[in-house]
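For reference, model22.cif is printed below; it contains mmCIF, C-alpha atoms and all ligand atoms.
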data_structure
loop_
_atom_site.label_atom_id
_atom_site.label_comp_id
_atom_site.auth_asym_id
_atom_site.auth_seq_id
_atom_site.Cartn_x
_atom_site.Cartn_y
_atom_site.Cartn_z
CA MET A 980 117.17 99.57 128.82
CA ARG A 981 115.03 102.38 127.48
CA ARG A 982 116.37 104.11 124.38
CA ARG A 983 117.04 107.77 125.02
CA VAL A 984 115.47 110.65 123.13
CA ILE A 985 116.99 114.10 122.73
CA ALA A 986 114.46 116.57 121.36
CA GLY A 987 114.85 120.23 120.45
CA ASN A 988 111.90 122.60 120.79
CA TRP A 989 112.53 125.68 118.69
CA LYS A 990 109.40 127.50 119.89
CA MET A 991 108.73 130.61 117.75
CA TYR A 992 112.22 130.83 116.32
CA LYS A 993 113.76 130.26 112.87
CA THR A 994 112.73 131.02 109.33
CA GLN A 995 112.93 128.43 106.55
CA ALA A 996 116.36 129.71 105.51
CA GLU A 997 117.59 129.49 109.11
CA THR A 998 116.18 125.97 109.32
CA ARG A 999 118.11 124.87 106.24
CA ALA A 1000 121.29 126.45 107.62
CA PHE A 1001 120.79 124.70 110.96
CA PHE A 1002 120.46 121.27 109.36
CA ALA A 1003 123.44 121.82 107.07
CA ALA A 1004 125.55 122.37 110.19
CA PHE A 1005 123.78 119.91 112.52
CA ALA A 1006 123.38 116.79 110.35
CA PRO A 1007 127.12 116.05 109.98
CA LEU A 1008 127.64 116.53 113.73
CA VAL A 1009 125.11 113.80 114.59
CA ALA A 1010 125.66 111.53 111.58
CA HIS A 1011 127.12 108.82 113.83
CA SER A 1012 124.99 109.44 116.92
CA ALA A 1013 123.13 106.13 117.06
CA HIS A 1014 122.77 106.01 120.85
CA CYS A 1015 119.53 107.98 120.98
CA ASP A 1016 116.52 109.14 118.99
CA ILE A 1017 116.96 112.72 117.79
CA VAL A 1018 113.98 115.04 117.30
CA VAL A 1019 113.67 118.66 116.20
CA ALA A 1020 110.44 120.66 116.55
CA PRO A 1021 110.49 123.73 114.27
CA PRO A 1022 107.62 126.21 113.90
CA PHE A 1023 104.89 125.17 111.44
CA THR A 1024 106.15 127.39 108.62
CA ALA A 1025 109.56 125.68 108.72
CA LEU A 1026 108.25 122.10 108.92
CA ALA A 1027 108.54 121.41 105.20
CA ALA A 1028 112.06 122.82 105.09
CA ALA A 1029 113.03 120.74 108.12
CA VAL A 1030 111.50 117.52 106.77
CA ASP A 1031 113.32 118.10 103.52
CA ALA A 1032 116.64 118.89 105.18
CA ALA A 1033 116.38 115.93 107.57
CA ARG A 1034 115.69 113.40 104.81
CA GLY A 1035 118.34 110.67 104.87
CA THR A 1036 119.35 111.54 108.45
CA ALA A 1037 118.17 109.94 111.70
CA VAL A 1038 116.51 113.17 112.84
CA GLY A 1039 112.73 112.97 113.30
CA ILE A 1040 110.65 116.11 112.92
CA ALA A 1041 108.03 117.19 115.43
CA ALA A 1042 105.26 119.77 115.33
CA GLN A 1043 104.81 121.95 118.42
CA ASN A 1044 101.02 121.67 118.60
CA VAL A 1045 98.05 119.97 116.95
CA PHE A 1046 94.25 120.23 117.00
CA TRP A 1047 92.15 117.15 117.77
CA GLU A 1048 89.57 117.32 114.98
CA LYS A 1049 90.33 115.72 111.60
CA GLU A 1050 89.11 118.71 109.58
CA GLY A 1051 86.49 121.40 109.76
CA ALA A 1052 85.82 125.08 110.33
CA TYR A 1053 88.64 125.64 112.83
CA THR A 1054 90.46 128.67 111.51
CA GLY A 1055 94.15 128.62 112.30
CA GLU A 1056 94.31 125.01 113.43
CA LEU A 1057 96.07 121.94 111.98
CA SER A 1058 95.05 118.30 112.25
CA ALA A 1059 97.29 115.39 113.18
CA GLY A 1060 96.75 113.87 109.73
CA MET A 1061 97.95 117.09 108.11
CA LEU A 1062 101.10 117.04 110.25
CA ALA A 1063 101.77 113.38 109.45
CA GLU A 1064 101.31 114.07 105.76
CA ALA A 1065 103.76 116.98 106.03
CA GLY A 1066 106.37 114.50 107.27
CA CYS A 1067 106.14 114.95 111.05
CA ARG A 1068 106.71 111.87 113.17
CA TYR A 1069 106.25 113.51 116.58
CA VAL A 1070 104.20 116.29 118.12
CA LEU A 1071 104.63 118.22 121.36
CA ILE A 1072 101.43 118.36 123.38
CA GLY A 1073 100.59 120.45 126.44
CA HIS A 1074 103.85 122.38 126.65
CA SER A 1075 103.70 124.70 129.67
CA GLU A 1076 103.76 127.76 127.40
CA ARG A 1077 100.60 126.45 125.71
CA ARG A 1078 99.00 125.78 129.07
CA GLN A 1079 100.00 129.24 130.33
CA TYR A 1080 99.28 131.45 127.28
CA PHE A 1081 96.82 129.45 125.18
CA GLY A 1082 94.53 127.85 127.70
CA GLU A 1083 95.55 124.21 127.26
CA THR A 1084 93.85 122.01 129.82
CA GLU A 1085 94.14 118.39 130.88
CA GLU A 1086 91.15 117.71 128.66
CA SER A 1087 92.63 119.32 125.55
CA VAL A 1088 95.92 117.53 126.17
CA ALA A 1089 94.11 114.17 126.29
CA LYS A 1090 92.10 114.88 123.12
CA LYS A 1091 95.16 116.06 121.22
CA THR A 1092 97.16 113.04 122.36
CA ARG A 1093 94.52 110.60 121.13
CA ALA A 1094 94.21 112.43 117.79
CA ALA A 1095 97.99 112.39 117.32
CA LEU A 1096 98.17 108.66 118.06
CA ALA A 1097 95.32 107.93 115.66
CA ALA A 1098 97.31 109.65 112.91
CA GLY A 1099 100.42 107.60 113.71
CA LEU A 1100 102.34 110.44 115.35
CA THR A 1101 104.32 109.99 118.56
CA PRO A 1102 103.04 112.54 121.10
CA ILE A 1103 105.52 114.09 123.51
CA VAL A 1104 103.17 114.99 126.36
CA CYS A 1105 104.56 117.72 128.62
CA VAL A 1106 103.83 118.05 132.33
CA GLY A 1107 105.41 120.13 135.06
CA GLU A 1108 104.72 122.17 138.16
CA LEU A 1109 104.96 125.93 138.70
CA LEU A 1110 107.44 127.39 141.17
CA ALA A 1111 104.54 128.24 143.49
CA ASP A 1112 103.39 124.60 143.38
CA ARG A 1113 106.85 123.37 144.31
CA GLU A 1114 107.26 125.90 147.09
CA ALA A 1115 103.88 124.96 148.49
CA GLY A 1116 104.88 121.28 148.51
CA LYS A 1117 102.32 120.52 145.79
CA THR A 1118 104.60 119.12 143.10
CA GLU A 1119 103.24 115.58 143.29
CA GLU A 1120 99.66 116.76 143.54
CA VAL A 1121 100.07 118.80 140.34
CA LEU A 1122 101.99 116.12 138.45
CA GLY A 1123 99.48 113.52 139.57
CA ARG A 1124 96.59 115.63 138.30
CA GLN A 1125 98.30 116.33 134.97
CA PHE A 1126 99.14 112.67 134.58
CA ARG A 1127 95.65 111.40 135.36
CA GLY A 1128 93.93 113.94 133.08
CA GLY A 1129 96.37 113.47 130.18
CA PRO A 1130 98.46 110.31 129.68
CA GLY A 1131 96.57 108.45 132.41
CA SER A 1132 93.30 108.79 130.52
CA LEU A 1133 94.59 106.83 127.52
CA THR A 1134 94.13 103.12 126.88
CA ALA A 1135 97.11 100.91 127.73
CA GLU A 1136 97.81 100.46 124.03
CA GLU A 1137 97.74 104.22 123.42
CA PHE A 1138 99.89 104.83 126.49
CA SER A 1139 102.58 102.48 125.17
CA ARG A 1140 103.09 104.81 122.19
CA ILE A 1141 103.64 108.15 123.91
CA LEU A 1142 106.63 109.95 125.36
CA VAL A 1143 106.29 112.12 128.45
CA ALA A 1144 108.38 115.23 129.12
CA TYR A 1145 108.77 116.46 132.69
CA GLU A 1146 109.39 120.20 132.51
CA PRO A 1147 109.26 122.09 135.80
CA VAL A 1148 107.98 125.49 134.71
CA TRP A 1149 110.45 127.30 136.99
CA ALA A 1150 113.33 125.76 135.05
CA ILE A 1151 112.16 126.68 131.55
CA GLY A 1152 114.16 129.48 129.94
CA THR A 1153 115.36 130.64 133.34
CA GLY A 1154 118.80 129.06 133.42
CA ARG A 1155 117.61 127.35 136.62
CA THR A 1156 117.89 123.64 135.82
CA ALA A 1157 116.40 121.14 138.20
CA THR A 1158 119.20 119.22 139.84
CA PRO A 1159 119.53 115.68 138.46
CA GLU A 1160 118.14 114.44 141.81
CA ILE A 1161 115.07 116.69 141.73
CA ALA A 1162 114.37 115.64 138.14
CA ALA A 1163 114.86 111.95 138.95
CA ALA A 1164 112.46 112.17 141.89
CA ALA A 1165 109.76 113.71 139.68
CA HIS A 1166 110.35 111.10 136.98
CA GLY A 1167 110.11 108.38 139.60
CA PHE A 1168 106.80 109.81 140.76
CA LEU A 1169 105.42 109.91 137.21
CA ARG A 1170 106.54 106.33 136.69
CA LYS A 1171 104.71 105.39 139.87
CA CYS A 1172 101.57 107.04 138.49
CA ALA A 1173 102.01 104.99 135.30
CA ALA A 1174 102.39 101.78 137.28
CA GLY A 1175 99.27 102.55 139.29
CA GLN A 1176 97.18 103.44 136.25
CA PHE A 1177 98.47 100.78 133.86
CA SER A 1178 101.08 98.20 134.92
CA ALA A 1179 104.63 97.85 136.20
CA ALA A 1180 105.72 96.83 132.70
CA ALA A 1181 104.08 99.88 131.11
CA ALA A 1182 105.74 102.12 133.71
CA SER A 1183 109.18 100.70 133.15
CA ALA A 1184 108.84 100.96 129.36
CA LEU A 1185 107.72 104.62 129.50
CA ARG A 1186 110.32 107.08 128.30
CA ILE A 1187 110.34 110.34 130.27
CA LEU A 1188 112.36 113.30 129.00
CA TYR A 1189 113.55 116.08 131.27
CA GLY A 1190 113.21 119.67 130.07
CA GLY A 1191 114.16 123.06 131.53
CA SER A 1192 117.44 124.87 130.83
CA VAL A 1193 119.23 121.80 129.52
CA LYS A 1194 122.63 122.90 128.19
CA PRO A 1195 125.80 121.22 126.90
CA ASP A 1196 127.38 121.68 130.34
CA ASN A 1197 124.62 120.05 132.40
CA ILE A 1198 123.38 117.25 130.11
CA LYS A 1199 125.93 114.73 131.34
CA GLY A 1200 124.90 115.09 134.96
CA LEU A 1201 121.23 114.79 134.04
CA MET A 1202 121.78 111.73 131.86
CA ALA A 1203 123.74 110.07 134.67
CA GLN A 1204 120.32 109.46 136.25
CA ASP A 1205 118.76 106.21 135.03
CA GLU A 1206 115.31 107.73 135.52
CA LEU A 1207 115.97 110.35 132.82
CA ASP A 1208 115.36 108.91 129.37
CA GLY A 1209 116.40 111.97 127.46
CA ALA A 1210 115.91 115.70 127.25
CA LEU A 1211 113.57 118.29 125.75
CA VAL A 1212 115.78 121.26 124.95
CA GLY A 1213 114.58 124.78 124.19
CA GLY A 1214 117.11 127.61 123.90
CA ALA A 1215 120.17 125.39 123.52
CA SER A 1216 118.62 123.53 120.57
CA LEU A 1217 118.68 126.64 118.36
CA ASP A 1218 122.40 126.45 117.77
CA ALA A 1219 123.62 123.44 115.77
CA LYS A 1220 126.86 123.02 117.72
CA SER A 1221 125.25 123.37 121.10
CA PHE A 1222 122.39 120.98 120.28
CA ALA A 1223 124.83 118.46 118.78
CA ALA A 1224 126.92 118.67 121.97
CA ILE A 1225 123.79 117.81 123.95
CA VAL A 1226 122.90 114.92 121.63
CA ASN A 1227 126.47 113.62 121.90
CA PHE A 1228 126.65 113.99 125.68
P1 LIG B 1 114.63 125.78 127.76
O1 LIG B 1 113.18 125.30 127.26
O2 LIG B 1 115.59 124.64 127.44
O3 LIG B 1 114.94 127.01 126.96
O4 LIG B 1 114.54 126.02 129.21
C1 LIG B 1 112.74 123.99 127.42
C2 LIG B 1 111.34 123.83 126.87
O5 LIG B 1 110.52 124.74 127.06
O6 LIG B 1 110.98 122.80 126.25
#
Give the structure from the file, written as structure tokens.
Ligand code: PGA
Amino acid sequence: MRRRVIAGNWKMYKTQAETRAFFAAFAPLVAHSAHCDIVVAPPFTALAAAVDAARGTAVGIAAQNVFWEKEGAYTGELSAGMLAEAGCRYVLIGHSERRQYFGETEESVAKKTRAALAAGLTPIVCVGELLADREAGKTEEVLGRQFRGGPGSLTAEEFSRILVAYEPVWAIGTGRTATPEIAAAAHGFLRKCAAGQFSAAAASALRILYGGSVKPDNIKGLMAQDELDGALVGGASLDAKSFAAIVNF
């Protein structure tokens, strides 16, 4: 049985003060939630506040992005080692908003993933098709390409240490969740890619999170699918009560 992971992606929301207020409300609500790994990804400026507020809880902190070089003249970028030193245990890589607005490619996703692993972080590698891809019947083609260029390009040892998040772009922030069946089919396809690239054992150990308009009222149905090993939650992770309700589905 794969252990589930519920992760919150705050995107470009919350100041340090708001982060402290969130954890003051959230930590007691999940103090006894031992059934899954809990992750929160605040913006960079709130990482220290989040790491501090999460100390002594089971909540792991994630960064939302990383650069692949260790150090150098890369204005505005942060290395995986810097994030690890700041107390991060996870990092989101290749989120669709980064692919769409900041030019992330399969190649940058692979480089970032390897750098994160080398620094001891757990990468949460995001993949997902656009609405146009789905409507054109190209979902598997797109997921296959994203898998091969990103997670599929790792060594078997590296692959065993990542999490994958399936986030259909048409379901992100739109209130249009994939049905549990649609999500499970995509997860099954990604698992098949993992089996083909690595091994059946590696595929069955891989934890795949679903993301895209996950809310307290649809998490139960999604988690009823064995293929779904957790959730990556955007909007509904900003409110302590709502995110706790999702964690405690
Ligand atoms: P959403 O975002 O839950 O607001 O749809 C999910 C994500 O982008 O990770």
Residues near Leu1026 in chain A, cut-off 12 Å, all atoms listed in the file, skip fewer than 4 positions along chain, as a PyMOL selection string
chain A and resi 989+993-999+1019-1022+1030-1033+1039-1043+1061-1070
What residues of the protein or nucleic acid chains come within 7 Å of ligand LIG 1 (chain B) when you use only C-alpha atoms and all ligand atoms? Reply as a list in words.
Asn988, Glu1146, Ala1150, Ile1151, Gly1152, Thr1153, Gly1154, Gly1190, Gly1191, Ser1192, Val1193, Leu1211, Val1212, Gly1213, Gly1214 and Ala1215 of chain A
Minimum-distance residue to Arg982 in chain A, chosen among A:Thr1084, A:Ser1183, A:Thr1134, A:Thr1054 (using only C-alpha atoms):
A:Ser1183
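The nearest approach to Cys1105 in chain A among the residues A:Ile1017, A:Ala1052, A:Leu1207, A:Ile1187, with only C-alpha atoms taken into account, belongs to A:Ile1187.
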How many Å lie between CA of Ala1037 in chain A and CA of Gly1209 in chain A, rounded to one decimal?
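Taking CA of Ala1037 in chain A as the start and CA of Gly1209 in chain A as the end point, the length is 16.0 Å.
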Between A:Met980, A:Val1121, A:Ala1135, A:Phe1005, which is the closest to Gly1175 in chain A once you count only C-alpha atoms?
A:Ala1135
Contacts of His1074 in chain A at 10 Å or less, counting all atoms listed in the file, minus same-chain residues fewer than 5 places along, as a PDB file with C-alpha atoms, in the frame of the given file?
ATOM      1  CA  ASN A 988     111.900 122.600 120.790  1.00  0.00           C
ATOM      2  CA  GLN A1043     104.810 121.950 118.420  1.00  0.00           C
ATOM      3  CA  ASN A1044     101.020 121.670 118.600  1.00  0.00           C
ATOM      4  CA  GLN A1079     100.000 129.240 130.330  1.00  0.00           C
ATOM      5  CA  GLU A1083      95.550 124.210 127.260  1.00  0.00           C
ATOM      6  CA  VAL A1088      95.920 117.530 126.170  1.00  0.00           C
ATOM      7  CA  ILE A1103     105.520 114.090 123.510  1.00  0.00           C
ATOM      8  CA  VAL A1104     103.170 114.990 126.360  1.00  0.00           C
ATOM      9  CA  CYS A1105     104.560 117.720 128.620  1.00  0.00           C
ATOM     10  CA  VAL A1106     103.830 118.050 132.330  1.00  0.00           C
ATOM     11  CA  GLY A1107     105.410 120.130 135.060  1.00  0.00           C
ATOM     12  CA  ALA A1144     108.380 115.230 129.120  1.00  0.00           C
ATOM     13  CA  TYR A1145     108.770 116.460 132.690  1.00  0.00           C
ATOM     14  CA  GLU A1146     109.390 120.200 132.510  1.00  0.00           C
ATOM     15  CA  VAL A1148     107.980 125.490 134.710  1.00  0.00           C
TER      16      VAL A1148
END
For a quick check of understanding, using all atoms listed in the file, which of A:Arg1093, A:Lys1171, A:Pro1195, A:Asp1205 has the smallest distance to Ala1223 in chain A?
A:Pro1195
Within 7 Å of (90.5, 109.8, 127.7) (coordinates as in the file), grab all the protein and nucleic acid residues, counting only C-alpha atoms, and write them out as a PyMOL selection string.
chain A and resi 1089+1132-1133
So that I can look at just that part, could you write range 1092-1105 of chain A with all heavy atoms, as a CSV table (one decimal), in the first residue's frame?
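Written file, out11.csv:
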chain,number,residue,atom,x,y,z
A,1092,THR,N,15.0,18.3,-11.5
A,1092,THR,CA,14.7,17.2,-10.7
A,1092,THR,C,16.0,16.5,-10.2
A,1092,THR,O,16.1,16.2,-9.0
A,1092,THR,CB,13.9,16.1,-11.5
A,1092,THR,OG1,12.7,16.8,-12.0
A,1092,THR,CG2,13.4,14.9,-10.7
A,1093,ARG,N,16.9,16.4,-11.1
A,1093,ARG,CA,18.2,15.8,-10.6
A,1093,ARG,C,18.9,16.6,-9.6
A,1093,ARG,O,19.5,16.1,-8.6
A,1093,ARG,CB,19.1,15.5,-11.9
A,1093,ARG,CG,18.7,14.3,-12.6
A,1093,ARG,CD,19.8,13.9,-13.6
A,1093,ARG,NE,19.9,14.8,-14.7
A,1093,ARG,CZ,19.2,14.6,-15.9
A,1093,ARG,NH1,18.4,13.6,-16.0
A,1093,ARG,NH2,19.3,15.5,-16.8
A,1094,ALA,N,18.9,18.0,-9.8
A,1094,ALA,CA,19.5,18.8,-8.8
A,1094,ALA,C,18.8,18.7,-7.4
A,1094,ALA,O,19.5,18.7,-6.4
A,1094,ALA,CB,19.5,20.3,-9.3
A,1095,ALA,N,17.5,18.7,-7.5
A,1095,ALA,CA,16.8,18.6,-6.2
A,1095,ALA,C,17.1,17.3,-5.5
A,1095,ALA,O,17.4,17.3,-4.3
A,1095,ALA,CB,15.3,18.6,-6.5
A,1096,LEU,N,17.2,16.2,-6.2
A,1096,LEU,CA,17.5,14.9,-5.6
A,1096,LEU,C,18.9,14.9,-5.1
A,1096,LEU,O,19.1,14.4,-4.0
A,1096,LEU,CB,17.4,13.8,-6.7
A,1096,LEU,CG,15.9,13.4,-7.1
A,1096,LEU,CD1,15.9,12.6,-8.3
A,1096,LEU,CD2,15.2,12.7,-5.9
A,1097,ALA,N,19.8,15.5,-5.8
A,1097,ALA,CA,21.2,15.6,-5.3
A,1097,ALA,C,21.3,16.3,-4.0
A,1097,ALA,O,22.2,16.1,-3.2
A,1097,ALA,CB,22.1,16.2,-6.4
A,1098,ALA,N,20.4,17.2,-3.7
A,1098,ALA,CA,20.4,18.0,-2.5
A,1098,ALA,C,19.6,17.4,-1.4
A,1098,ALA,O,19.4,17.9,-0.3
A,1098,ALA,CB,20.0,19.4,-2.8
A,1099,GLY,N,19.0,16.2,-1.7
A,1099,GLY,CA,18.2,15.5,-0.7
A,1099,GLY,C,16.8,15.9,-0.6
A,1099,GLY,O,16.1,15.5,0.3
A,1100,LEU,N,16.3,16.7,-1.6
A,1100,LEU,CA,14.9,17.1,-1.6
A,1100,LEU,C,14.1,16.1,-2.3
A,1100,LEU,O,14.6,15.4,-3.2
A,1100,LEU,CB,14.8,18.5,-2.3
A,1100,LEU,CG,15.5,19.7,-1.7
A,1100,LEU,CD1,15.4,20.9,-2.7
A,1100,LEU,CD2,14.8,20.1,-0.4
A,1101,THR,N,12.8,16.0,-2.0
A,1101,THR,CA,11.9,15.2,-2.7
A,1101,THR,C,11.2,16.0,-3.8
A,1101,THR,O,10.4,16.9,-3.4
A,1101,THR,CB,10.8,14.5,-1.8
A,1101,THR,OG1,11.5,13.7,-0.8
A,1101,THR,CG2,9.9,13.7,-2.5
A,1102,PRO,N,11.5,15.8,-5.1
A,1102,PRO,CA,10.8,16.5,-6.1
A,1102,PRO,C,9.4,16.0,-6.3
A,1102,PRO,O,9.1,14.8,-6.3
A,1102,PRO,CB,11.6,16.2,-7.4
A,1102,PRO,CG,12.8,15.5,-6.9
A,1102,PRO,CD,12.5,14.8,-5.6
A,1103,ILE,N,8.4,17.0,-6.5
A,1103,ILE,CA,7.1,16.6,-6.9
A,1103,ILE,C,7.0,17.1,-8.3
A,1103,ILE,O,6.8,18.3,-8.6
A,1103,ILE,CB,6.0,17.3,-6.0
A,1103,ILE,CG1,6.3,17.0,-4.5
A,1103,ILE,CG2,4.6,17.0,-6.4
A,1103,ILE,CD1,5.3,17.7,-3.5
A,1104,VAL,N,7.1,16.2,-9.3
A,1104,VAL,CA,7.2,16.5,-10.7
A,1104,VAL,C,5.8,16.6,-11.3
A,1104,VAL,O,5.1,15.6,-11.3
A,1104,VAL,CB,8.1,15.5,-11.4
A,1104,VAL,CG1,8.2,16.0,-12.9
A,1104,VAL,CG2,9.5,15.4,-10.8
A,1105,CYS,N,5.4,17.7,-11.8
A,1105,CYS,CA,4.1,17.9,-12.3
A,1105,CYS,C,4.0,17.7,-13.8
A,1105,CYS,O,4.8,18.1,-14.6
A,1105,CYS,CB,3.6,19.3,-12.0
A,1105,CYS,SG,3.7,19.8,-10.3
